[in-house]
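Colleague: Structure supplied as structure.pdb; contents: PDB, C-alpha atoms.
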```pdb
ATOM      1  CA  LEU A   1      18.288   5.477  -3.600
ATOM      2  CA  CYS A   2      16.809   3.804  -6.685
ATOM      3  CA  ILE A   3      18.219   6.482  -8.967
ATOM      4  CA  TYR A   4      21.619   6.233  -7.277
ATOM      5  CA  SER A   5      21.586   2.420  -7.658
ATOM      6  CA  ALA A   6      20.607   2.615 -11.313
ATOM      7  CA  MET A   7      23.389   5.088 -11.997
ATOM      8  CA  GLY A   8      25.835   2.860 -10.118
ATOM      9  CA  GLN A   9      24.920  -0.019 -12.418
ATOM     10  CA  GLY A  10      25.413   2.160 -15.475
ATOM     11  CA  GLN A  11      21.728   2.263 -16.385
ATOM     12  CA  ALA A  12      20.481   5.293 -18.245
ATOM     13  CA  ILE A  13      17.470   6.888 -16.571
ATOM     14  CA  ALA A  14      15.025   8.869 -18.652
ATOM     15  CA  ALA A  15      13.160  11.907 -17.368
ATOM     16  CA  TRP A  16       9.827  10.095 -17.803
ATOM     17  CA  GLN A  17      11.057   7.356 -15.450
ATOM     18  CA  ILE A  18      11.850   9.900 -12.741
ATOM     19  CA  GLY A  19       8.479  11.610 -13.235
ATOM     20  CA  LEU A  20       6.638   8.297 -13.114
ATOM     21  CA  PHE A  21       8.660   7.284 -10.052
ATOM     22  CA  VAL A  22       7.560  10.428  -8.206
ATOM     23  CA  ALA A  23       3.927   9.950  -9.295
ATOM     24  CA  LEU A  24       3.973   6.320  -8.124
ATOM     25  CA  ILE A  25       5.394   7.370  -4.767
ATOM     26  CA  GLY A  26       2.439   9.766  -4.474
ATOM     27  CA  ALA A  27      -0.012   6.988  -5.319
ATOM     28  CA  GLY A  28       1.709   4.757  -2.772
ATOM     29  CA  VAL A  29       1.360   7.394  -0.081
ATOM     30  CA  LEU A  30      -2.344   7.649  -0.949
ATOM     31  CA  ILE A  31      -2.729   3.875  -0.525
ATOM     32  CA  LEU A  32      -0.883   3.792   2.794
ATOM     33  CA  TYR A  33      -2.816   6.816   4.065
ATOM     34  CA  SER A  34      -6.134   5.206   3.136
ATOM     35  CA  LEU A  35      -5.234   1.923   4.822
ATOM     36  CA  LEU A  36      -3.965   3.647   7.959
ATOM     37  CA  PHE A  37      -7.090   5.808   8.069
ATOM     38  CA  MET A  38      -9.313   2.728   7.862
ATOM     39  CA  PHE A  39      -7.361   1.088  10.682
ATOM     40  CA  ALA A  40      -7.614   4.253  12.784
ATOM     41  CA  ILE A  41     -11.343   4.730  12.238
ATOM     42  CA  THR A  42     -12.007   1.331  13.814
ATOM     43  CA  SER A  43     -11.455   3.083  17.154
ATOM     44  CA  VAL A  44     -15.098   4.161  16.897
ATOM     45  CA  TRP A  45     -16.185   0.524  17.175
ATOM     46  CA  LEU A  46     -13.362  -1.070  19.131
ATOM     47  CA  ILE A  47     -12.525  -0.192  22.704
ATOM     48  CA  ARG A  48      -8.931  -1.405  22.617
ATOM     49  CA  GLN A  49      -7.460  -1.464  19.178
ATOM     50  CA  THR A  50      -3.919  -2.587  19.927
ATOM     51  CA  GLY A  51      -4.397  -5.569  17.653
ATOM     52  CA  VAL A  52      -5.286  -3.267  14.786
ATOM     53  CA  ASP A  53      -2.107  -1.267  15.372
ATOM     54  CA  HIS A  54      -0.076  -4.463  15.185
ATOM     55  CA  LEU A  55      -1.849  -5.434  11.970
ATOM     56  CA  TRP A  56      -0.794  -2.116  10.406
ATOM     57  CA  PHE A  57       2.817  -2.636  11.525
ATOM     58  CA  TYR A  58       2.980  -6.125  10.017
ATOM     59  CA  ALA A  59       1.351  -5.055   6.762
ATOM     60  CA  VAL A  60       3.901  -2.278   6.296
ATOM     61  CA  SER A  61       6.733  -4.606   7.354
ATOM     62  CA  LEU A  62       5.768  -7.055   4.614
ATOM     63  CA  ALA A  63       6.106  -4.285   2.047
ATOM     64  CA  ARG A  64       9.809  -3.816   2.806
ATOM     65  CA  TYR A  65      10.807  -6.939   0.907
ATOM     66  CA  PRO A  66      10.808  -7.650  -2.846
ATOM     67  CA  ALA A  67       7.483  -8.921  -4.152
ATOM     68  CA  ASP A  68       9.121 -11.915  -5.832
ATOM     69  CA  ILE A  69       9.864 -13.661  -2.530
ATOM     70  CA  TYR A  70       6.145 -13.958  -1.751
ATOM     71  CA  ARG A  71       5.390 -15.942  -4.920
ATOM     72  CA  LYS A  72       6.775 -19.098  -3.294
ATOM     73  CA  PHE A  73       4.497 -19.073  -0.245
ATOM     74  CA  MET A  74       1.120 -20.827  -0.331
ATOM     75  CA  GLY A  75       1.223 -21.272  -4.085
ATOM     76  CA  GLY A  76       1.435 -17.533  -4.686
ATOM     77  CA  ALA A  77      -1.711 -16.757  -2.680
ATOM     78  CA  LEU A  78       0.181 -14.487  -0.290
ATOM     79  CA  TRP A  79       1.713 -12.605  -3.211
ATOM     80  CA  PHE A  80      -1.710 -12.219  -4.833
ATOM     81  CA  ALA A  81      -3.264 -10.908  -1.606
ATOM     82  CA  LEU A  82      -0.461  -8.408  -0.977
ATOM     83  CA  VAL A  83      -0.499  -7.147  -4.568
ATOM     84  CA  PHE A  84      -4.174  -7.157  -5.520
ATOM     85  CA  VAL A  85      -6.279  -7.338  -2.332
ATOM     86  CA  ILE A  86      -4.245  -5.108   0.000
ATOM     87  CA  PRO A  87      -1.696  -3.584  -2.407
ATOM     88  CA  VAL A  88       1.103  -2.894   0.075
ATOM     89  CA  LEU A  89       3.688  -4.670  -2.090
ATOM     90  CA  MET A  90       2.850  -2.398  -4.995
ATOM     91  CA  VAL A  91       3.595   0.676  -2.894
ATOM     92  CA  SER A  92       7.238  -0.179  -2.386
ATOM     93  CA  ASN A  93       8.056  -2.402  -5.337
ATOM     94  CA  LEU A  94       6.478  -0.759  -8.366
ATOM     95  CA  PRO A  95       8.265   2.631  -8.182
ATOM     96  CA  ALA A  96      11.606   0.857  -7.847
ATOM     97  CA  ASN A  97      10.771  -1.475 -10.732
ATOM     98  CA  VAL A  98      10.049   1.482 -13.009
ATOM     99  CA  VAL A  99      13.589   2.754 -12.468
ATOM    100  CA  MET A 100      15.517  -0.511 -12.044
ATOM    101  CA  ARG A 101      13.680  -3.180 -14.026
ATOM    102  CA  THR A 102      10.843  -3.026 -16.492
ATOM    103  CA  PHE A 103       7.883  -0.768 -17.027
ATOM    104  CA  GLU A 104       4.562  -2.601 -16.686
ATOM    105  CA  PRO A 105       1.819  -0.175 -17.781
ATOM    106  CA  ILE A 106      -1.061  -2.312 -16.493
ATOM    107  CA  MET A 107       0.434  -2.415 -12.997
ATOM    108  CA  VAL A 108       1.013   1.350 -13.027
ATOM    109  CA  VAL A 109      -2.632   1.913 -13.932
ATOM    110  CA  TYR A 110      -3.638  -0.573 -11.238
ATOM    111  CA  LEU A 111      -1.614   1.275  -8.585
ATOM    112  CA  PHE A 112      -3.278   4.605  -9.398
ATOM    113  CA  ALA A 113      -6.737   2.996  -9.591
ATOM    114  CA  SER A 114      -6.297   1.137  -6.307
ATOM    115  CA  GLY A 115      -5.135   4.337  -4.617
ATOM    116  CA  LEU A 116      -8.267   6.166  -5.694
ATOM    117  CA  ALA A 117     -10.471   3.177  -4.838
ATOM    118  CA  LEU A 118      -8.977   2.832  -1.360
ATOM    119  CA  LEU A 119      -9.413   6.555  -0.764
ATOM    120  CA  ALA A 120     -13.098   6.256  -1.683
ATOM    121  CA  ILE A 121     -13.509   3.150   0.492
ATOM    122  CA  SER A 122     -11.804   4.781   3.474
ATOM    123  CA  SER A 123     -14.028   7.828   3.094
ATOM    124  CA  GLY A 124     -17.081   5.570   3.056
ATOM    125  CA  VAL A 125     -15.873   3.684   6.130
ATOM    126  CA  CYS A 126     -15.373   7.010   7.902
ATOM    127  CA  ARG A 127     -18.908   8.135   7.092
ATOM    128  CA  LEU A 128     -20.275   4.786   8.264
ATOM    129  CA  ALA A 129     -18.313   5.011  11.513
ATOM    130  CA  LEU A 130     -19.493   8.550  12.173
ATOM    131  CA  ARG A 131     -23.107   7.443  11.794
ATOM    132  CA  TRP A 132     -22.548   4.938  14.615
ATOM    133  CA  TYR A 133     -20.645   7.384  16.823
ATOM    134  CA  ARG A 134     -22.652   8.723  19.756
ATOM    135  CA  SER A 135     -20.217  10.427  22.120
ATOM    136  CA  ALA A 136     -16.991   9.837  23.990
ATOM    137  CA  SER A 137     -18.688   9.618  27.372
ATOM    138  CA  SER A 138     -21.569   7.245  26.680
TER
END
```
Taking this structure as input, can you express it in the form of structure tokens?
Modeller:
Amino acid sequence: LCIYSAMGQGQAIAAWQIGLFVALIGAGVLILYSLLFMFAITSVWLIRQTGVDHLWFYAVSLARYPADIYRKFMGGALWFALVFVIPVLMVSNLPANVVMRTFEPIMVVYLFASGLALLAISSGVCRLALRWYRSASS
């Protein structure tokens, strides 16, 4: 859709932009997988985790909108949290920005680094949860 939109606006798209777009989508999937895995692993500790499921839904719903609209709320604190603390805005916005807007190398590096960091954190949370797990019937 991004490539189609860029072509519709008469923008030239380079091969490196398409390659980077695909790589960023992969990093975004890694981030979303890691976050979803951490939410799911809380079932070891929580009996009813319906609230956690709702939290996942709202976090992903926030990522559907452009990151710029969150800069106005709470003095930019919401934008900062959704970009740097829980990088769900980066997952949807950065690949599109590479094709449609500008290339920000530091943000691209941050997206890849946060994907790897969240994967390591989710793996650690899983190991911690499994240490506390006794059995399904106890």
Colleague: What's the separation between CA of Leu20 in chain A and CA of Tyr70 in chain A, in Å to one decimal place?
Modeller: 25.0 Å
Colleague: Mind pulling up the distance from CA of Arg71 in chain A to CA of Phe57 in chain A?
Modeller: 21.3 Å
Colleague: Using CA of Ser34 in chain A and CA of Arg127 in chain A as the two end points, give the distance in Å to one decimal.
Modeller: 13.7 Å
Colleague: Given the PyMOL selection byres ((chain A and resi 37) around 12) and the file above, list the residues it selects as a list in words.
Modeller: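 For this structure, the PyMOL selection byres ((chain A and resi 37) around 12) captures Val29, Leu30, Ile31, Leu32, Tyr33, Ser34, Leu35, Leu36, Met38, Phe39, Ala40, Ile41, Thr42, Ser43, Val52, Asp53, Trp56, Leu118, Leu119, Ala120, Ile121, Ser122, Ser123, Gly124, Val125, Cys126 and Ala129 of chain A.
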Colleague: Of the residues A:Leu130, A:Met100, A:Ala12, A:Met90, which is the one nearest to Ala27 in chain A, using only C-alpha atoms?
Modeller: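 Using only C-alpha atoms, the shortest distance to Ala27 in chain A belongs to A:Met90.
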Colleague: Do a neighbour search on Trp132 in chain A at 9 Å with only C-alpha atoms, toss out local chain neighbours closer than 4 positions, and write the hits as a list in words.
Modeller: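 So the residues in contact are Val44, Trp45, Arg127 and Leu128 of chain A.
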Colleague: Which one is closest to Tyr110 in chain A: A:Gly10, A:Gly28, A:Gly76, A:Gly19? Count all atoms listed in the file.
Modeller: A:Gly28
Colleague: Determine the nearest neighbour of Val98 in chain A from the options A:Ala117, A:Met7, A:Ile18, A:Val83, counting only C-alpha atoms.
Modeller: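 Residue with the minimum atom-to-atom distance to Val98 in chain A: A:Ile18.
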Colleague: Which residues, written as a PyMOL selection string, have at least one atom at most 8 Å from Pro95 in chain A, with only C-alpha atoms counted and residues fewer than 3 positions away on the same chain left out?
Modeller: chain A and resi 20-22+24-25+91-92+98-99
Colleague: Taking 2 positions as the minimum chain separation for residues in the same chain, which residues sit within 6 Å of Ala63 in chain A when counting all atoms listed in the file? Answer as a PyMOL selection string.
Modeller: chain A and resi 60-61+65+88-89
Colleague: Write the selection just made, keeping C-alpha atoms, as a short mmCIF file (atom, residue, chain, number, x, y, z; two decimals), keeping the file's coordinate frame?
Modeller:
```
data_model
loop_
_atom_site.label_atom_id
_atom_site.label_comp_id
_atom_site.auth_asym_id
_atom_site.auth_seq_id
_atom_site.Cartn_x
_atom_site.Cartn_y
_atom_site.Cartn_z
CA VAL A 60 3.90 -2.28 6.30
CA SER A 61 6.73 -4.61 7.35
CA TYR A 65 10.81 -6.94 0.91
CA VAL A 88 1.10 -2.89 0.08
CA LEU A 89 3.69 -4.67 -2.09
#
```
Colleague: Return the single residue from A:Arg101, A:Val109, A:Leu78, A:Tyr58 that is closest to Ser5 in chain A, with distances computed using all atoms listed in the file.
Modeller: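 Ranked by minimum distance to Ser5 in chain A, first place goes to A:Arg101.
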Colleague: Taking all listed atoms of range 34-47 of chain A, build the axis-aligned box, pad each of the six sides by 8 Å, then write its centre and edge lengths in Å to one decimal as AutoDock Vina command-line options.
Modeller:
```
--center_x -10.1 --center_y 2.4 --center_z 12.9 --size_x 28.2 --size_y 22.9 --size_z 35.6
```
